[in-house]
file my_file30.cif (mmCIF, C-alpha atoms and all ligand atoms)
data_entry
#
loop_
_atom_site.label_atom_id
_atom_site.label_comp_id
_atom_site.auth_asym_id
_atom_site.auth_seq_id
_atom_site.Cartn_x
_atom_site.Cartn_y
_atom_site.Cartn_z
CA MET A 1 -42.57 -5.20 -4.45
CA THR A 2 -39.72 -3.44 -6.25
CA LYS A 3 -36.84 -5.73 -7.11
CA THR A 4 -33.62 -5.04 -5.18
CA SER A 5 -31.77 -4.30 -8.41
CA GLU A 6 -34.29 -1.63 -9.33
CA ARG A 7 -34.31 -0.08 -5.86
CA HIS A 8 -30.63 0.76 -6.31
CA VAL A 9 -30.07 4.21 -7.77
CA PRO A 10 -26.93 4.52 -9.87
CA VAL A 11 -24.78 7.49 -8.91
CA LEU A 12 -23.97 10.21 -11.46
CA PHE A 13 -25.82 8.15 -14.05
CA LYS A 14 -26.37 10.81 -16.71
CA GLU A 15 -22.85 12.19 -16.35
CA ALA A 16 -21.22 8.73 -16.55
CA ILE A 17 -23.15 7.77 -19.69
CA GLU A 18 -22.40 11.11 -21.33
CA PHE A 19 -18.68 10.92 -20.60
CA LEU A 20 -18.56 7.33 -21.88
CA ARG A 21 -20.01 8.65 -25.17
CA VAL A 22 -21.63 5.28 -25.86
CA GLN A 23 -21.76 4.54 -29.58
CA ALA A 24 -23.91 1.91 -31.23
CA GLY A 25 -21.87 -1.13 -32.21
CA GLY A 26 -19.08 -0.39 -29.73
CA THR A 27 -17.54 -2.57 -27.02
CA TYR A 28 -17.91 -1.27 -23.47
CA VAL A 29 -16.74 -2.66 -20.15
CA ASP A 30 -18.55 -2.07 -16.88
CA CYS A 31 -15.97 -3.15 -14.30
CA THR A 32 -18.41 -2.90 -11.39
CA LEU A 33 -21.82 -4.10 -12.51
CA GLY A 34 -23.40 -3.99 -9.06
CA LEU A 35 -27.10 -3.87 -9.68
CA ALA A 36 -26.53 -2.95 -13.32
CA GLY A 37 -28.03 0.54 -13.29
CA HIS A 38 -25.20 2.02 -15.37
CA ALA A 39 -24.94 -1.17 -17.43
CA GLU A 40 -28.62 -0.89 -18.37
CA GLY A 41 -28.00 2.67 -19.55
CA ILE A 42 -25.12 1.41 -21.70
CA ILE A 43 -26.88 -1.55 -23.30
CA ARG A 44 -29.89 0.57 -24.24
CA GLN A 45 -27.59 2.53 -26.56
CA LEU A 46 -25.42 -0.26 -27.94
CA GLY A 47 -27.58 -1.80 -30.64
CA THR A 48 -27.36 -5.32 -31.95
CA LYS A 49 -23.69 -5.08 -33.01
CA GLY A 50 -22.62 -3.73 -29.64
CA HIS A 51 -21.05 -5.67 -26.81
CA LEU A 52 -21.10 -5.08 -23.07
CA ILE A 53 -18.62 -6.93 -20.88
CA GLY A 54 -19.48 -6.70 -17.20
CA PHE A 55 -17.47 -7.65 -14.12
CA ASP A 56 -18.53 -8.15 -10.53
CA ARG A 57 -16.71 -10.24 -7.96
CA ASP A 58 -19.81 -10.52 -5.79
CA PRO A 59 -21.69 -13.58 -7.08
CA GLU A 60 -24.99 -12.36 -5.59
CA ALA A 61 -24.66 -8.99 -7.35
CA LEU A 62 -23.68 -10.67 -10.60
CA GLU A 63 -26.82 -12.82 -10.57
CA LEU A 64 -29.06 -9.80 -9.97
CA ALA A 65 -27.25 -7.92 -12.73
CA ARG A 66 -27.71 -10.90 -15.03
CA GLU A 67 -31.47 -10.99 -14.36
CA ARG A 68 -31.86 -7.27 -14.92
CA LEU A 69 -29.82 -7.19 -18.12
CA ALA A 70 -31.65 -10.26 -19.45
CA ARG A 71 -34.97 -8.45 -18.91
CA VAL A 72 -33.70 -5.38 -20.73
CA CYS A 73 -32.30 -7.48 -23.59
CA SER A 74 -35.58 -9.31 -24.02
CA GLU A 75 -37.36 -5.96 -24.09
CA LEU A 76 -34.89 -4.74 -26.75
CA GLY A 77 -35.50 -7.89 -28.82
CA SER A 78 -33.50 -7.87 -32.06
CA GLU A 79 -31.83 -4.60 -30.99
CA ALA A 80 -30.22 -6.26 -27.95
CA PRO A 81 -26.41 -6.24 -27.87
CA GLN A 82 -24.17 -9.12 -26.89
CA VAL A 83 -23.61 -9.23 -23.12
CA THR A 84 -20.79 -11.13 -21.43
CA LEU A 85 -20.54 -11.37 -17.65
CA VAL A 86 -17.40 -12.19 -15.71
CA ASP A 87 -17.64 -13.13 -12.03
CA GLU A 88 -14.12 -12.10 -11.14
CA ALA A 89 -12.31 -9.08 -9.79
CA PHE A 90 -11.67 -6.38 -12.37
CA SER A 91 -7.93 -6.65 -11.70
CA THR A 92 -8.13 -9.75 -13.95
CA ILE A 93 -9.50 -7.68 -16.84
CA ALA A 94 -6.50 -8.19 -19.11
CA ALA A 95 -7.14 -11.95 -19.02
CA HIS A 96 -10.67 -11.46 -20.37
CA VAL A 97 -10.51 -8.49 -22.72
CA LYS A 98 -8.30 -8.24 -25.80
CA PRO A 99 -5.81 -5.39 -26.17
CA ALA A 100 -7.07 -2.21 -27.87
CA SER A 101 -10.60 -3.60 -28.27
CA VAL A 102 -12.64 -1.38 -25.95
CA ASP A 103 -14.49 1.87 -26.75
CA GLY A 104 -15.34 2.78 -23.18
CA LEU A 105 -14.65 1.54 -19.69
CA LEU A 106 -16.62 2.42 -16.55
CA ALA A 107 -15.73 1.69 -12.92
CA ASP A 108 -18.04 2.76 -10.09
CA PHE A 109 -16.01 1.78 -7.04
CA GLY A 110 -17.26 0.98 -3.61
CA VAL A 111 -20.13 -0.91 -2.11
CA SER A 112 -23.54 -1.36 -3.72
CA SER A 113 -26.73 -0.70 -1.81
CA LEU A 114 -27.40 -4.44 -1.98
CA GLN A 115 -24.18 -5.15 -0.07
CA PHE A 116 -24.67 -2.26 2.32
CA ASP A 117 -28.33 -2.85 3.12
CA GLU A 118 -28.09 -6.58 3.80
CA ALA A 119 -27.09 -6.90 7.45
CA HIS A 120 -25.62 -10.39 6.99
CA ARG A 121 -22.97 -9.02 4.59
CA GLY A 122 -21.51 -7.09 7.50
CA PHE A 123 -20.65 -3.84 5.68
CA SER A 124 -22.75 -1.54 7.81
CA PHE A 125 -22.92 -0.63 11.48
CA GLN A 126 -26.49 0.63 10.98
CA ALA A 127 -27.80 -2.93 11.34
CA ASP A 128 -26.36 -5.79 13.35
CA GLY A 129 -24.82 -8.58 11.29
CA ASN A 130 -21.87 -10.94 11.00
CA LEU A 131 -18.59 -9.12 10.69
CA ASP A 132 -17.92 -10.25 7.13
CA MET A 133 -17.42 -7.40 4.59
CA ARG A 134 -16.24 -9.60 1.73
CA MET A 135 -17.48 -8.59 -1.70
CA ASP A 136 -16.37 -11.95 -3.04
CA THR A 137 -17.77 -14.38 -0.49
CA ARG A 138 -15.56 -17.18 -1.88
CA GLN A 139 -12.43 -15.47 -0.59
CA SER A 140 -10.88 -14.88 2.79
CA PRO A 141 -10.22 -13.22 5.16
CA THR A 142 -13.47 -11.92 6.58
CA ALA A 143 -13.42 -8.75 8.65
CA ALA A 144 -13.97 -10.93 11.76
CA GLN A 145 -10.79 -12.87 10.97
CA VAL A 146 -8.82 -9.65 10.60
CA VAL A 147 -10.20 -8.11 13.78
CA ASN A 148 -9.64 -11.26 15.86
CA GLU A 149 -6.33 -12.47 14.41
CA ALA A 150 -4.25 -9.38 13.60
CA ASN A 151 -2.03 -8.07 16.37
CA GLU A 152 -2.68 -4.67 17.92
CA ARG A 153 0.01 -2.95 15.87
CA GLU A 154 -1.23 -4.39 12.58
CA LEU A 155 -4.79 -3.35 13.41
CA ALA A 156 -3.74 0.17 14.34
CA ASP A 157 -1.73 0.50 11.12
CA LEU A 158 -4.50 -0.65 8.85
CA ILE A 159 -7.11 1.52 10.56
CA TYR A 160 -4.77 4.48 10.18
CA GLU A 161 -3.78 3.77 6.60
CA TYR A 162 -7.12 2.74 5.10
CA GLY A 163 -9.44 4.65 7.41
CA GLU A 164 -7.32 7.79 7.76
CA GLU A 165 -8.28 7.52 11.43
CA ARG A 166 -6.02 9.50 13.74
CA ARG A 167 -7.22 7.64 16.84
CA SER A 168 -6.28 4.25 15.36
CA ARG A 169 -4.01 3.15 18.25
CA ARG A 170 -6.68 3.71 20.85
CA ILE A 171 -9.24 1.91 18.72
CA ALA A 172 -6.92 -1.05 18.04
CA ARG A 173 -6.21 -1.41 21.77
CA ALA A 174 -9.94 -1.47 22.57
CA ILE A 175 -10.62 -4.02 19.84
CA VAL A 176 -7.92 -6.35 21.14
CA ARG A 177 -9.34 -6.06 24.66
CA GLY A 178 -12.87 -6.69 23.40
CA ARG A 179 -12.06 -9.89 21.47
CA PRO A 180 -13.66 -12.04 20.23
CA VAL A 181 -15.50 -9.50 18.09
CA THR A 182 -18.06 -11.19 15.89
CA SER A 183 -20.76 -8.70 14.94
CA THR A 184 -20.94 -5.26 13.34
CA ALA A 185 -22.87 -3.83 16.30
CA GLN A 186 -20.25 -5.11 18.76
CA LEU A 187 -17.42 -3.57 16.75
CA ALA A 188 -19.28 -0.26 16.37
CA ARG A 189 -19.84 -0.18 20.15
CA ILE A 190 -16.18 -0.85 20.92
CA VAL A 191 -14.99 1.85 18.50
CA THR A 192 -17.54 4.39 19.74
CA GLN A 193 -16.49 3.85 23.35
CA ALA A 194 -12.79 4.08 22.51
CA ALA A 195 -13.07 7.12 20.25
CA PRO A 196 -16.37 8.96 20.75
CA THR A 197 -17.52 11.59 18.27
CA MET A 198 -15.40 14.72 18.38
CA LYS A 199 -16.77 18.23 18.06
CA GLN A 200 -17.47 19.27 14.46
CA GLU A 201 -17.52 15.64 13.34
CA ARG A 202 -20.60 14.75 11.40
CA ILE A 203 -19.84 11.10 10.73
CA HIS A 204 -20.47 8.14 13.03
CA PRO A 205 -17.34 7.38 15.11
CA ALA A 206 -17.07 3.89 13.60
CA THR A 207 -17.22 5.06 9.96
CA ARG A 208 -13.47 5.21 9.40
CA THR A 209 -12.73 1.89 11.11
CA PHE A 210 -15.41 0.15 9.03
CA GLN A 211 -14.03 1.75 5.86
CA ALA A 212 -10.51 0.62 6.74
CA LEU A 213 -11.54 -2.99 7.31
CA ARG A 214 -13.58 -3.09 4.13
CA ILE A 215 -10.72 -1.72 2.03
CA TYR A 216 -8.27 -4.16 3.60
CA VAL A 217 -10.51 -7.24 3.34
CA ASN A 218 -11.28 -6.56 -0.33
CA ARG A 219 -7.82 -5.27 -1.31
CA GLU A 220 -9.67 -2.36 -2.85
CA LEU A 221 -6.74 -0.04 -3.48
CA GLU A 222 -4.62 -2.76 -5.09
CA GLU A 223 -7.58 -3.57 -7.34
CA ILE A 224 -7.90 0.04 -8.48
CA LYS A 225 -4.17 0.36 -9.14
CA ALA A 226 -4.24 -2.83 -11.22
CA LEU A 227 -7.15 -1.47 -13.25
CA PHE A 228 -5.35 1.77 -14.01
CA GLU A 229 -2.32 -0.20 -15.13
CA ALA A 230 -4.32 -2.43 -17.45
CA ALA A 231 -6.76 0.14 -18.89
CA PRO A 232 -4.49 1.96 -21.38
CA GLY A 233 -3.62 -1.31 -23.12
CA LEU A 234 -7.27 -2.31 -23.50
CA LEU A 235 -8.76 0.88 -24.87
CA LYS A 236 -8.80 1.88 -28.53
CA PRO A 237 -7.43 5.30 -29.40
CA SER A 238 -10.09 7.94 -28.51
CA ALA A 239 -11.86 5.48 -26.19
CA ARG A 240 -13.11 6.80 -22.87
CA LEU A 241 -12.39 5.86 -19.26
CA VAL A 242 -14.87 6.93 -16.56
CA VAL A 243 -14.31 6.24 -12.86
CA ILE A 244 -16.46 7.12 -9.87
CA SER A 245 -14.86 7.06 -6.44
CA PHE A 246 -16.33 7.48 -2.98
CA HIS A 247 -13.44 8.36 -0.71
CA SER A 248 -10.19 10.21 -0.88
CA LEU A 249 -7.94 7.12 -1.09
CA GLU A 250 -9.72 5.88 -4.21
CA ASP A 251 -9.89 9.32 -5.77
CA ARG A 252 -6.21 9.96 -5.13
CA ILE A 253 -5.23 6.85 -7.10
CA ALA A 254 -7.52 7.91 -9.96
CA LYS A 255 -6.22 11.46 -9.97
CA ASP A 256 -2.54 10.53 -9.79
CA SER A 257 -2.79 7.72 -12.37
CA LEU A 258 -4.56 9.98 -14.85
CA ARG A 259 -2.14 12.83 -14.28
CA GLU A 260 0.89 10.56 -14.78
CA GLY A 261 -0.74 9.02 -17.86
CA ALA A 262 -1.47 12.47 -19.27
CA GLN A 263 2.20 13.43 -18.86
CA LYS A 264 3.18 10.35 -20.85
CA GLY A 265 0.67 11.12 -23.60
CA ILE A 266 -1.61 8.20 -22.65
CA TRP A 267 -4.64 10.20 -21.47
CA GLU A 268 -6.30 13.46 -22.23
CA ILE A 269 -8.06 14.36 -19.01
CA LEU A 270 -11.66 15.44 -19.64
CA THR A 271 -12.47 16.51 -16.08
CA ARG A 272 -10.03 19.10 -14.80
CA LYS A 273 -11.88 18.92 -11.50
CA PRO A 274 -13.88 15.84 -10.53
CA VAL A 275 -17.59 15.97 -11.37
CA THR A 276 -19.82 15.76 -8.30
CA ALA A 277 -23.54 15.18 -7.85
CA SER A 278 -26.03 18.01 -8.14
CA GLU A 279 -27.92 19.21 -5.04
CA GLU A 280 -30.98 17.54 -6.45
CA GLU A 281 -29.19 14.15 -6.79
CA MET A 282 -27.70 14.46 -3.31
CA ASP A 283 -31.19 15.05 -1.86
CA ARG A 284 -32.62 12.12 -3.78
CA ASN A 285 -29.69 9.77 -3.17
CA PRO A 286 -27.50 10.50 -0.13
CA ARG A 287 -24.89 7.96 -1.33
CA SER A 288 -24.02 10.37 -4.14
CA ARG A 289 -22.76 13.01 -1.68
CA SER A 290 -19.23 11.68 -1.64
CA ALA A 291 -19.07 10.59 -5.30
CA LYS A 292 -16.40 12.02 -7.59
CA LEU A 293 -16.31 11.23 -11.28
CA ARG A 294 -13.17 11.52 -13.39
CA ALA A 295 -13.02 10.88 -17.11
CA ALA A 296 -10.23 10.66 -19.65
CA GLU A 297 -9.76 9.86 -23.32
CA ARG A 298 -7.15 7.41 -24.58
CA GLN A 299 -4.56 9.17 -26.72
CA GLY A 300 -2.19 7.78 -29.31
CA THR A 301 -2.52 5.18 -31.95
CA GLY A 302 -2.46 1.77 -30.35
CA ILE A 303 -2.81 -1.43 -32.30
CA ARG A 304 -6.35 -1.69 -33.55
CA GLU A 305 -7.75 -5.09 -32.92
CA GLN A 306 -11.38 -5.94 -33.36
CA GLY A 307 -13.39 -8.36 -31.25
CA SER A 308 -12.99 -8.67 -27.59
CA VAL A 309 -13.37 -11.36 -25.07
CA SER A 310 -12.16 -14.78 -24.28
CA ASN A 311 -15.60 -16.08 -23.59
CA ARG A 312 -17.16 -16.13 -20.14
CA SER A 313 -20.79 -16.55 -19.25
CA LYS A 314 -23.31 -15.11 -21.66
CA LEU A 315 -26.77 -13.93 -20.78
C1 LIG B 401 -21.04 0.87 -6.32
S1 LIG B 401 -21.45 -0.70 -6.90
C2 LIG B 401 -21.75 -0.47 -8.59
C3 LIG B 401 -23.13 -0.02 -8.89
C4 LIG B 401 -23.47 -0.03 -10.36
N1 LIG B 401 -22.72 0.94 -11.11
C5 LIG B 401 -24.95 0.13 -10.58
O1 LIG B 401 -25.34 0.96 -11.39
O2 LIG B 401 -25.72 -0.62 -9.98
C6 LIG B 401 -19.90 -1.50 -6.93
C7 LIG B 401 -19.95 -2.96 -7.34
O3 LIG B 401 -18.65 -3.29 -7.78
C8 LIG B 401 -18.26 -4.51 -7.26
N2 LIG B 401 -16.81 -4.45 -7.11
C9 LIG B 401 -16.10 -3.66 -6.28
N3 LIG B 401 -14.79 -3.87 -6.44
C10 LIG B 401 -14.68 -4.82 -7.41
C11 LIG B 401 -13.57 -5.46 -8.03
N4 LIG B 401 -12.32 -5.17 -7.67
N5 LIG B 401 -13.80 -6.35 -9.00
C12 LIG B 401 -15.07 -6.66 -9.39
N6 LIG B 401 -16.17 -6.09 -8.82
C13 LIG B 401 -15.97 -5.18 -7.85
C14 LIG B 401 -18.98 -4.65 -5.94
O4 LIG B 401 -19.17 -6.02 -5.64
C15 LIG B 401 -20.29 -3.92 -6.23
O5 LIG B 401 -21.29 -4.81 -6.64
#

call {"tool": "encode", "arguments": {"input": "my_file30.cif", "output": "structure tokens"}}
result
Amino acid sequence: MTKTSERHVPVLFKEAIEFLRVQAGGTYVDCTLGLAGHAEGIIRQLGTKGHLIGFDRDPEALELARERLARVCSELGSEAPQVTLVDEAFSTIAAHVKPASVDGLLADFGVSSLQFDEAHRGFSFQADGNLDMRMDTRQSPTAAQVVNEANERELADLIYEYGEERRSRRIARAIVRGRPVTSTAQLARIVTQAAPTMKQERIHPATRTFQALRIYVNRELEEIKALFEAAPGLLKPSARLVVISFHSLEDRIAKDSLREGAQKGIWEILTRKPVTASEEEMDRNPRSRSAKLRAAERQGTGIREQGSVSNRSKL
């Protein structure tokens, strides 16, 4: 049977690796290892003097990434780079990576197929599971806690803000009436009854509510903002930043941060418009349909400091 990590297809793989311009001997950070598809592509080009630092706040994903990268390193033998894995949120990056030490940084936001496909993780309404949605299962709250403990107004606001759902008030009212809500299927049913599919809509009626809860539970937008704040200080001059987003709220932060940085002379934007998947990739991997890649190059002459990490776990 194919291993889970190898079943996962990295989105915009070729484009991400090309924009990163991976150079042998360099230091690269993959902020969102997931199942390590992109990370494998990076370490195959790094050579023995290279260094990959990978983050994932989902301990299950990090272990699968570790296994996959260890297999690749043993295949590469003496050509294998150094690999350091950090099981924390990427907002902590500045505590693990030295200033001006990085040649390329990749972040592929969102949920991995491992998280999405496993019903017990509670990310998907396609299969019934506990209403959890935490990427980092050591943290709280779960989506069930939010849905059962927030008041109607708070629920409506978060569904509106993070789901961009115009019918948020109606949905919040139905959720409060339907409490306790403990499973993904139950929540999907409540949302569908309160706000059935409208004409021209191609998405499932619960899509936006699930997105909103996921973003809220995982503080996803705060994480992305923190990354954009830290990144300029960590990259060497001419180093590359590549980010892949999956919905408009993520992409807006990326676009605005890069534009502001470009005005201050921090970034040269390499993608005037975001790069999207080819028809062929979209057919092969439906998850790539909403992906948008933006890339930028660090400008200026920061302090050059060699070396990188305060040590975390090695392979
Ligand atoms: C879309 S997947 C990445 C897939 C990966 N590029 C690959 O090739 O397999 C996103 C991963 O990032 C992790 N993640 C999301 N937000 C994170 C954050 N703020 N800090 C650390 N990891 C995060 C998730 O747990 C998930 O495993």

call {"tool": "residues_around", "arguments": {"input": "my_file30.cif", "residues": "His51 of chain A", "least_positions_apart": "3", "cutoff": "9 Å", "atoms": "all atoms listed in the file", "output": "list in words"}}
result
Gly25, Gly26, Thr27, Tyr28, Val29, Ile43, Leu46, Gly47, Thr48, Pro81, Gln82, Val83, Thr84 and Ser308 of chain A

call {"tool": "closest_residue", "arguments": {"input": "my_file30.cif", "among": "A:Glu201, A:Glu67, A:Asp283, A:Asp103", "to": "Asp30 of chain A", "atoms": "only C-alpha atoms"}}
result
A:Asp103

call {"tool": "closest_atom_pairs", "arguments": {"input": "my_file30.cif", "of": "chain A", "to": "ligand LIG 401 (chain B)", "cutoff": "9 Å", "atoms": "all atoms listed in the file", "output": "CSV"}}
result
residue,atom,partner,partner_atom,distance
A:Ser5,CA,B:LIG401,O2,7.3
A:Glu6,CA,B:LIG401,O2,8.7
A:His8,CA,B:LIG401,O2,6.3
A:Val9,CA,B:LIG401,O1,6.8
A:Pro10,CA,B:LIG401,O1,4.2
A:Val11,CA,B:LIG401,O1,7.0
A:Phe13,CA,B:LIG401,O1,7.7
A:Asp30,CA,B:LIG401,N1,7.7
A:Cys31,CA,B:LIG401,C12,6.1
A:Thr32,CA,B:LIG401,O3,3.6
A:Leu33,CA,B:LIG401,C4,4.9
A:Gly34,CA,B:LIG401,O5,3.3
A:Leu35,CA,B:LIG401,O2,3.5
A:Ala36,CA,B:LIG401,O2,4.2
A:Gly37,CA,B:LIG401,O1,3.3
A:His38,CA,B:LIG401,O1,4.1
A:Ala39,CA,B:LIG401,O1,6.4
A:Glu40,CA,B:LIG401,O1,7.9
A:Gly41,CA,B:LIG401,O1,8.8
A:Gly54,CA,B:LIG401,C12,9.0
A:Phe55,CA,B:LIG401,C12,5.4
A:Asp56,CA,B:LIG401,N6,3.6
A:Arg57,CA,B:LIG401,C12,4.2
A:Asp58,CA,B:LIG401,O4,4.5
A:Pro59,CA,B:LIG401,O4,8.1
A:Glu60,CA,B:LIG401,O5,8.5
A:Ala61,CA,B:LIG401,O5,5.4
A:Leu62,CA,B:LIG401,O5,7.5
A:Ala65,CA,B:LIG401,O2,7.9
A:Val86,CA,B:LIG401,C12,8.7
A:Asp87,CA,B:LIG401,C12,7.4
A:Glu88,CA,B:LIG401,C12,5.8
A:Ala89,CA,B:LIG401,N5,3.2
A:Phe90,CA,B:LIG401,N5,4.0
A:Ser91,CA,B:LIG401,N4,6.1
A:Thr92,CA,B:LIG401,N5,8.3
A:Leu106,CA,B:LIG401,N1,8.3
A:Ala107,CA,B:LIG401,N1,7.3
A:Asp108,CA,B:LIG401,N1,5.1
A:Phe109,CA,B:LIG401,C6,5.1
A:Gly110,CA,B:LIG401,C1,4.7
A:Val111,CA,B:LIG401,C1,4.7
A:Ser112,CA,B:LIG401,S1,3.9
A:Ser113,CA,B:LIG401,S1,7.3
A:Leu114,CA,B:LIG401,O5,7.7
A:Gln115,CA,B:LIG401,O5,7.2
A:Arg134,CA,B:LIG401,O4,8.7
A:Met135,CA,B:LIG401,O4,5.0
A:Asp136,CA,B:LIG401,O4,7.1
A:Asn218,CA,B:LIG401,N3,7.5
A:Arg219,CA,B:LIG401,N4,7.8
A:Glu220,CA,B:LIG401,N4,6.2
A:Leu221,CA,B:LIG401,N4,8.7
A:Glu222,CA,B:LIG401,N4,8.5
A:Glu223,CA,B:LIG401,N4,5.0
A:Ile224,CA,B:LIG401,N4,6.9
A:Leu227,CA,B:LIG401,N4,8.5
A:Ile244,CA,B:LIG401,C1,8.5
A:Ser245,CA,B:LIG401,C1,8.7
A:Phe246,CA,B:LIG401,C1,8.8

call {"tool": "residues_around", "arguments": {"input": "my_file30.cif", "residues": "Arg289 of chain A", "least_positions_apart": "2", "cutoff": "9 Å", "atoms": "all atoms listed in the file", "output": "JSON, numbers by chain"}}
result
{"A": [246, 276, 277, 278, 279, 281, 282, 283, 285, 286, 287, 291, 292]}

call {"tool": "closest_residue", "arguments": {"input": "my_file30.cif", "among": "A:Glu280, A:Asp251, A:Glu75, A:Glu268", "to": "Gly300 of chain A", "atoms": "all atoms listed in the file"}}
result
A:Glu268

call {"tool": "residues_around", "arguments": {"input": "my_file30.cif", "residues": "segment 137-153 of chain A", "least_positions_apart": "5", "cutoff": "9 Å", "atoms": "only C-alpha atoms", "output": "list in words"}}
result
Arg57, Asp58, Pro59, Gly122, Asn130, Leu131, Asp132, Leu158, Arg169, Ala172, Arg173, Ile175, Val176, Arg179, Pro180, Val181, Thr182, Ser183, Leu213, Arg214, Tyr216, Val217 and Asn218 of chain A

call {"tool": "write_last_selection", "arguments": {"input": "my_file30.cif", "atoms": "C-alpha atoms", "output": "PDB file, in the frame of the given file"}}
result
ATOM      1  CA  ARG A  57     -16.710 -10.240  -7.960  1.00  0.00           C
ATOM      2  CA  ASP A  58     -19.810 -10.520  -5.790  1.00  0.00           C
ATOM      3  CA  PRO A  59     -21.690 -13.580  -7.080  1.00  0.00           C
ATOM      4  CA  GLY A 122     -21.510  -7.090   7.500  1.00  0.00           C
ATOM      5  CA  ASN A 130     -21.870 -10.940  11.000  1.00  0.00           C
ATOM      6  CA  LEU A 131     -18.590  -9.120  10.690  1.00  0.00           C
ATOM      7  CA  ASP A 132     -17.920 -10.250   7.130  1.00  0.00           C
ATOM      8  CA  LEU A 158      -4.500  -0.650   8.850  1.00  0.00           C
ATOM      9  CA  ARG A 169      -4.010   3.150  18.250  1.00  0.00           C
ATOM     10  CA  ALA A 172      -6.920  -1.050  18.040  1.00  0.00           C
ATOM     11  CA  ARG A 173      -6.210  -1.410  21.770  1.00  0.00           C
ATOM     12  CA  ILE A 175     -10.620  -4.020  19.840  1.00  0.00           C
ATOM     13  CA  VAL A 176      -7.920  -6.350  21.140  1.00  0.00           C
ATOM     14  CA  ARG A 179     -12.060  -9.890  21.470  1.00  0.00           C
ATOM     15  CA  PRO A 180     -13.660 -12.040  20.230  1.00  0.00           C
ATOM     16  CA  VAL A 181     -15.500  -9.500  18.090  1.00  0.00           C
ATOM     17  CA  THR A 182     -18.060 -11.190  15.890  1.00  0.00           C
ATOM     18  CA  SER A 183     -20.760  -8.700  14.940  1.00  0.00           C
ATOM     19  CA  LEU A 213     -11.540  -2.990   7.310  1.00  0.00           C
ATOM     20  CA  ARG A 214     -13.580  -3.090   4.130  1.00  0.00           C
ATOM     21  CA  TYR A 216      -8.270  -4.160   3.600  1.00  0.00           C
ATOM     22  CA  VAL A 217     -10.510  -7.240   3.340  1.00  0.00           C
ATOM     23  CA  ASN A 218     -11.280  -6.560  -0.330  1.00  0.00           C
TER      24      ASN A 218
END

call {"tool": "atom_distance", "arguments": {"input": "my_file30.cif", "atom1": "atom CA of Val242 of chain A", "atom2": "atom CA of His96 of chain A"}}
result
19.2 Å

call {"tool": "residues_around", "arguments": {"input": "my_file30.cif", "residues": "Leu234 of chain A", "least_positions_apart": "5", "cutoff": "9 Å", "atoms": "all atoms listed in the file", "output": "number ranges by chain"}}
result
A: 93-94, 97-103

call {"tool": "residues_around", "arguments": {"input": "my_file30.cif", "residues": "Gln299 of chain A", "least_positions_apart": "2", "cutoff": "7 Å", "atoms": "only C-alpha atoms", "output": "list of chain:residue names"}}
result
A:Pro237, A:Ser238, A:Gly265, A:Ile266, A:Trp267, A:Glu268, A:Glu297, A:Thr301

call {"tool": "closest_residue", "arguments": {"input": "my_file30.cif", "among": "A:Glu260, A:Arg170, A:Gly163, A:Ala195", "to": "Ser248 of chain A", "atoms": "all atoms listed in the file"}}
result
A:Gly163

call {"tool": "closest_residue", "arguments": {"input": "my_file30.cif", "among": "A:Arg240, A:His247, A:His204, A:Arg284", "to": "Phe19 of chain A", "atoms": "all atoms listed in the file"}}
result
A:Arg240

call {"tool": "atom_distance", "arguments": {"input": "my_file30.cif", "atom1": "atom CA of Pro274 of chain A", "atom2": "atom CA of Ala254 of chain A"}}
result
10.2 Å

call {"tool": "atom_distance", "arguments": {"input": "my_file30.cif", "atom1": "atom CA of Ala188 of chain A", "atom2": "atom CA of Glu118 of chain A"}}
result
16.6 Å

call {"tool": "closest_residue", "arguments": {"input": "my_file30.cif", "among": "A:Phe125, A:Ile171, A:Leu187, A:Ala16", "to": "Val275 of chain A", "atoms": "only C-alpha atoms"}}
result
A:Ala16

call {"tool": "axis_aligned_box", "arguments": {"input": "my_file30.cif", "around": "segment 80-96 of chain A", "padding_each_side": "3 Å", "output": "AutoDock Vina command-line options"}}
result
--center_x -18.4 --center_y -9.7 --center_z -18.9 --size_x 29.7 --size_y 12.9 --size_z 24.2

call {"tool": "closest_residue", "arguments": {"input": "my_file30.cif", "among": "A:Ala24, A:Leu12, A:Met133, A:Leu69", "to": "Leu85 of chain A", "atoms": "all atoms listed in the file"}}
result
A:Leu69

call {"tool": "build_atoms", "arguments": {"input": "my_file30.cif", "residues": "segment 251-255 of chain A", "atoms": "N, CA, C and O atoms", "output": "compact mmCIF listing (two decimals), in the coordinates of the input"}}
result
# COMPACT_ATOMS: atom_id res chain seq x y z
N ASP A 251 -9.98 8.19 -4.83
CA ASP A 251 -9.89 9.32 -5.77
C ASP A 251 -8.44 9.73 -6.01
O ASP A 251 -8.08 10.14 -7.11
N ARG A 252 -7.62 9.58 -4.98
CA ARG A 252 -6.21 9.96 -5.13
C ARG A 252 -5.53 9.05 -6.17
O ARG A 252 -4.73 9.51 -6.98
N ILE A 253 -5.83 7.77 -6.12
CA ILE A 253 -5.23 6.85 -7.10
C ILE A 253 -5.69 7.24 -8.51
O ILE A 253 -4.89 7.31 -9.45
N ALA A 254 -6.98 7.53 -8.64
CA ALA A 254 -7.52 7.91 -9.96
C ALA A 254 -6.84 9.18 -10.46
O ALA A 254 -6.34 9.25 -11.59
N LYS A 255 -6.78 10.17 -9.58
CA LYS A 255 -6.22 11.46 -9.97
C LYS A 255 -4.75 11.32 -10.37
O LYS A 255 -4.32 11.80 -11.42
